[in-house]
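Asker: Just one file: protein-v2.pdb, with PDB, C-alpha atoms, pLDDT in the B column.
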```
ATOM      1  CA  MET B1304      -8.599 -86.209  49.295  1.00 39.00           C
ATOM      2  CA  VAL B1305      -4.952 -85.132  49.274  1.00 38.00           C
ATOM      3  CA  SER B1306      -4.698 -85.745  45.522  1.00 42.00           C
ATOM      4  CA  ASP B1307      -7.843 -83.636  44.986  1.00 54.00           C
ATOM      5  CA  ARG B1308      -6.274 -80.739  46.884  1.00 53.00           C
ATOM      6  CA  PHE B1309      -3.056 -81.183  44.878  1.00 52.00           C
ATOM      7  CA  ASN B1310      -5.004 -81.138  41.600  1.00 73.00           C
ATOM      8  CA  ASP B1311      -6.981 -78.068  42.745  1.00 88.00           C
ATOM      9  CA  SER B1312      -3.701 -76.340  43.594  1.00 89.00           C
ATOM     10  CA  ARG B1313      -2.258 -77.111  40.159  1.00 92.00           C
ATOM     11  CA  GLU B1314      -5.456 -75.889  38.475  1.00 94.00           C
ATOM     12  CA  ARG B1315      -5.330 -72.620  40.439  1.00 95.00           C
ATOM     13  CA  GLU B1316      -1.668 -72.037  39.579  1.00 94.00           C
ATOM     14  CA  GLU B1317      -2.347 -72.774  35.905  1.00 95.00           C
ATOM     15  CA  PHE B1318      -5.310 -70.368  35.976  1.00 96.00           C
ATOM     16  CA  ILE B1319      -3.108 -67.610  37.423  1.00 96.00           C
ATOM     17  CA  ARG B1320      -0.457 -68.193  34.724  1.00 95.00           C
ATOM     18  CA  GLU B1321      -3.126 -68.052  31.990  1.00 96.00           C
ATOM     19  CA  LEU B1322      -4.647 -64.931  33.509  1.00 96.00           C
ATOM     20  CA  LYS B1323      -1.289 -63.154  33.728  1.00 96.00           C
ATOM     21  CA  SER B1324      -0.460 -63.911  30.099  1.00 96.00           C
ATOM     22  CA  SER B1325      -3.859 -62.561  28.974  1.00 95.00           C
ATOM     23  CA  LEU B1326      -3.592 -59.217  30.789  1.00 93.00           C
ATOM     24  CA  PRO B1327      -2.742 -55.943  29.000  1.00 90.00           C
ATOM     25  CA  PRO B1328       0.896 -54.891  29.596  1.00 91.00           C
ATOM     26  CA  ALA B1329       0.101 -52.214  32.211  1.00 89.00           C
ATOM     27  CA  ALA B1330      -2.105 -54.572  34.243  1.00 91.00           C
ATOM     28  CA  ARG B1331       0.437 -57.395  33.863  1.00 90.00           C
ATOM     29  CA  GLN B1332       3.050 -55.142  35.422  1.00 92.00           C
ATOM     30  CA  GLU B1333       0.736 -54.509  38.414  1.00 92.00           C
ATOM     31  CA  PHE B1334      -0.039 -58.248  38.754  1.00 94.00           C
ATOM     32  CA  GLY B1335       3.090 -59.037  40.737  1.00 94.00           C
ATOM     33  CA  GLU B1336       3.919 -61.874  43.129  1.00 95.00           C
ATOM     34  CA  ILE B1337       1.950 -60.387  46.028  1.00 95.00           C
ATOM     35  CA  GLU B1338      -1.170 -59.852  43.892  1.00 95.00           C
ATOM     36  CA  GLN B1339      -0.874 -63.384  42.522  1.00 95.00           C
ATOM     37  CA  TYR B1340      -0.567 -64.775  46.050  1.00 95.00           C
ATOM     38  CA  ILE B1341      -3.602 -62.772  47.218  1.00 95.00           C
ATOM     39  CA  LEU B1342      -5.623 -64.051  44.246  1.00 96.00           C
ATOM     40  CA  LEU B1343      -4.521 -67.626  44.964  1.00 95.00           C
ATOM     41  CA  ALA B1344      -5.421 -67.301  48.664  1.00 94.00           C
ATOM     42  CA  SER B1345      -8.863 -65.850  47.893  1.00 96.00           C
ATOM     43  CA  LEU B1346      -9.573 -68.664  45.418  1.00 96.00           C
ATOM     44  CA  VAL B1347      -8.667 -71.208  48.116  1.00 94.00           C
ATOM     45  CA  VAL B1348     -10.814 -69.501  50.781  1.00 95.00           C
ATOM     46  CA  CYS B1349     -13.849 -69.526  48.478  1.00 95.00           C
ATOM     47  CA  GLY B1350     -13.220 -73.047  47.153  1.00 94.00           C
ATOM     48  CA  LEU B1351     -12.691 -71.889  43.548  1.00 95.00           C
ATOM     49  CA  THR B1352     -10.051 -73.075  41.090  1.00 94.00           C
ATOM     50  CA  ARG B1353     -10.720 -70.297  38.547  1.00 95.00           C
ATOM     51  CA  TYR B1354     -13.165 -67.495  37.870  1.00 96.00           C
ATOM     52  CA  PRO B1355     -16.697 -68.803  37.261  1.00 95.00           C
ATOM     53  CA  PRO B1356     -18.520 -67.718  34.075  1.00 95.00           C
ATOM     54  CA  VAL B1357     -19.932 -64.183  34.287  1.00 93.00           C
ATOM     55  CA  SER B1358     -23.541 -63.967  35.411  1.00 93.00           C
ATOM     56  CA  GLY B1359     -25.663 -60.907  36.042  1.00 90.00           C
ATOM     57  CA  ASP B1360     -24.395 -57.453  35.093  1.00 91.00           C
ATOM     58  CA  PRO B1361     -20.880 -57.882  33.615  1.00 87.00           C
ATOM     59  CA  HIS B1362     -20.066 -54.330  34.746  1.00 89.00           C
ATOM     60  CA  GLY B1363     -20.774 -55.273  38.343  1.00 92.00           C
ATOM     61  CA  GLU B1364     -23.311 -54.218  40.900  1.00 94.00           C
ATOM     62  CA  ARG B1365     -22.777 -52.285  44.130  1.00 96.00           C
ATOM     63  CA  CYS B1366     -22.786 -54.390  47.299  1.00 96.00           C
ATOM     64  CA  SER B1367     -21.516 -54.283  50.834  1.00 97.00           C
ATOM     65  CA  GLY B1368     -18.374 -56.328  51.377  1.00 97.00           C
ATOM     66  CA  ASP B1369     -19.950 -57.621  54.589  1.00 97.00           C
ATOM     67  CA  MET B1370     -22.604 -59.558  52.662  1.00 97.00           C
ATOM     68  CA  VAL B1371     -22.230 -63.343  52.785  1.00 97.00           C
ATOM     69  CA  CYS B1372     -21.960 -65.505  49.661  1.00 96.00           C
ATOM     70  CA  ASP B1373     -24.730 -68.115  49.409  1.00 95.00           C
ATOM     71  CA  ALA B1374     -22.359 -70.623  47.791  1.00 95.00           C
ATOM     72  CA  CYS B1375     -19.310 -70.603  50.072  1.00 96.00           C
ATOM     73  CA  GLY B1376     -20.413 -68.733  53.195  1.00 96.00           C
ATOM     74  CA  GLN B1377     -17.562 -66.196  53.002  1.00 96.00           C
ATOM     75  CA  THR B1378     -18.011 -62.433  53.013  1.00 97.00           C
ATOM     76  CA  TYR B1379     -17.773 -60.658  49.677  1.00 97.00           C
ATOM     77  CA  PHE B1380     -14.543 -59.018  50.907  1.00 97.00           C
ATOM     78  CA  LYS B1381     -12.839 -62.444  50.808  1.00 97.00           C
ATOM     79  CA  HIS B1382     -13.707 -63.155  47.168  1.00 97.00           C
ATOM     80  CA  PRO B1383     -11.074 -62.736  44.445  1.00 97.00           C
ATOM     81  CA  MET B1384     -10.607 -59.520  42.519  1.00 96.00           C
ATOM     82  CA  ASP B1385     -11.379 -59.731  38.792  1.00 95.00           C
ATOM     83  CA  TRP B1386      -8.126 -58.898  37.036  1.00 94.00           C
ATOM     84  CA  ARG B1387      -9.899 -59.053  33.658  1.00 91.00           C
ATOM     85  CA  VAL B1388     -11.692 -55.762  34.490  1.00 89.00           C
ATOM     86  CA  ILE B1389      -9.052 -53.127  35.132  1.00 88.00           C
ATOM     87  CA  GLY B1390      -9.825 -49.706  36.554  1.00 88.00           C
ATOM     88  CA  TYR B1391      -7.946 -46.593  37.569  1.00 86.00           C
ATOM     89  CA  GLY B1392      -4.255 -47.246  38.257  1.00 84.00           C
ATOM     90  CA  ASP B1393      -4.330 -50.443  36.188  1.00 84.00           C
ATOM     91  CA  VAL B1394      -5.768 -52.482  39.059  1.00 86.00           C
ATOM     92  CA  PRO B1395      -9.071 -54.377  39.389  1.00 93.00           C
ATOM     93  CA  PHE B1396     -12.096 -52.917  41.151  1.00 94.00           C
ATOM     94  CA  LEU B1397     -14.631 -55.766  41.009  1.00 96.00           C
ATOM     95  CA  ASN B1398     -14.791 -58.903  43.139  1.00 97.00           C
ATOM     96  CA  VAL B1399     -15.897 -62.219  41.617  1.00 96.00           C
ATOM     97  CA  LEU B1400     -18.506 -64.160  43.581  1.00 97.00           C
ATOM     98  CA  CYS B1401     -18.845 -67.937  43.454  1.00 97.00           C
ATOM     99  CA  ASP B1402     -21.990 -67.673  41.300  1.00 96.00           C
ATOM    100  CA  GLY B1403     -20.158 -65.571  38.694  1.00 96.00           C
ATOM    101  CA  ARG B1404     -21.568 -62.178  39.656  1.00 96.00           C
ATOM    102  CA  ARG B1405     -19.162 -59.235  39.666  1.00 96.00           C
ATOM    103  CA  VAL B1406     -19.595 -56.784  42.535  1.00 97.00           C
ATOM    104  CA  LYS B1407     -18.113 -53.408  43.394  1.00 96.00           C
ATOM    105  CA  LEU B1408     -17.700 -53.209  47.141  1.00 95.00           C
TER     106      LEU B1408
END
```
Could you spell out this file's structure in structure tokens?
Answerer:
Amino acid sequence: MVSDRFNDSREREEFIRELKSSLPPAARQEFGEIEQYILLASLVVCGLTRYPPVSGDPHGERCSGDMVCDACGQTYFKHPMDWRVIGYGDVPFLNVLCDGRRVKL
């Protein structure tokens, strides 16, 4: 069990490094230590090690952040932001759900 958590932690950290290196320069500048920590924490809360494959509308759908995810039981507010879809101010505006759907809260 402990080794599984350690491996999950390493996978999450590797995912964040890969994500940062793939971001456009302006978004990479906004993806600082605090944003990386928030992404890591939200992945842990939802039991994810990386973003799941996109399902549904890739541009996102409107939802209340108070809705509860069927997969993990957490509210949509607690799900990670999708740094691959950058909006105004070079920051993300969609959350990634456990089933791969992107939602705008």
Asker: Taking into account all atoms listed in the file, which residue in the set B:Arg1313, B:His1382, B:His1362, B:Lys1323 is nearest to Asp1402 in chain B?
Answerer: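 Checking each candidate against Asp1402 in chain B, we get B:His1382 as the closest.
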Asker: Ranking B:Ala1374, B:Trp1386, B:Val1348, B:Asp1369 by minimum distance to Leu1322 in chain B and counting only C-alpha atoms, which one comes first?
Answerer: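 When distances to Leu1322 in chain B are compared using only C-alpha atoms, the smallest one comes from B:Trp1386.
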Asker: Pick out the closest residue to Ser1345 in chain B from this set: B:Asp1373, B:Gly1392, B:Lys1381, B:Val1399. Count only C-alpha atoms.
Answerer: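 Looking at the shortest contact to Ser1345 in chain B, the residue is B:Lys1381.
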Asker: Neighbours of Pro1355 in chain B within 12 Å (only C-alpha atoms; same-chain residues fewer than 5 positions away dropped), as a PDB file with C-alpha atoms, keeping the file's coordinate frame?
Answerer:
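The result, written out as part_15.pdb:
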```
ATOM      1  CA  PHE B1318      -5.310 -70.368  35.976  1.00 96.00           C
ATOM      2  CA  LEU B1346      -9.573 -68.664  45.418  1.00 96.00           C
ATOM      3  CA  CYS B1349     -13.849 -69.526  48.478  1.00 95.00           C
ATOM      4  CA  GLY B1350     -13.220 -73.047  47.153  1.00 94.00           C
ATOM      5  CA  HIS B1382     -13.707 -63.155  47.168  1.00 97.00           C
ATOM      6  CA  PRO B1383     -11.074 -62.736  44.445  1.00 97.00           C
ATOM      7  CA  ASP B1385     -11.379 -59.731  38.792  1.00 95.00           C
ATOM      8  CA  ASN B1398     -14.791 -58.903  43.139  1.00 97.00           C
ATOM      9  CA  VAL B1399     -15.897 -62.219  41.617  1.00 96.00           C
ATOM     10  CA  LEU B1400     -18.506 -64.160  43.581  1.00 97.00           C
ATOM     11  CA  CYS B1401     -18.845 -67.937  43.454  1.00 97.00           C
ATOM     12  CA  ASP B1402     -21.990 -67.673  41.300  1.00 96.00           C
ATOM     13  CA  GLY B1403     -20.158 -65.571  38.694  1.00 96.00           C
ATOM     14  CA  ARG B1404     -21.568 -62.178  39.656  1.00 96.00           C
ATOM     15  CA  ARG B1405     -19.162 -59.235  39.666  1.00 96.00           C
TER      16      ARG B1405
END
```
Asker: From the set B:Met1370, B:Met1384, B:Ala1330, B:Leu1397, which residue has the shortest atom-to-atom contact distance to Ala1344 in chain B, counting all atoms listed in the file?
Answerer: B:Met1384
Asker: Could you name the residues that touch Arg1331 in chain B at 10 Å or less, counting only C-alpha atoms, but leaving out those on the same chain fewer than 4 positions away, as a PyMOL selection string?
Answerer: chain B and resi 1322-1327+1335+1386+1393-1394
Asker: What is the CA of Arg1365 in chain B to CA of Leu1408 in chain B distance in Å?
Answerer: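 Interatomic distance, CA of Arg1365 in chain B to CA of Leu1408 in chain B: 6.0 Å.
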Asker: Tell me, as an MDAnalysis selection string, which residues lie within 9 Å of Cys1366 in chain B, counting only C-alpha atoms; anything in the same chain fewer than 5 positions away does not count.
Answerer: chainID B and resid 1379 1406:1408
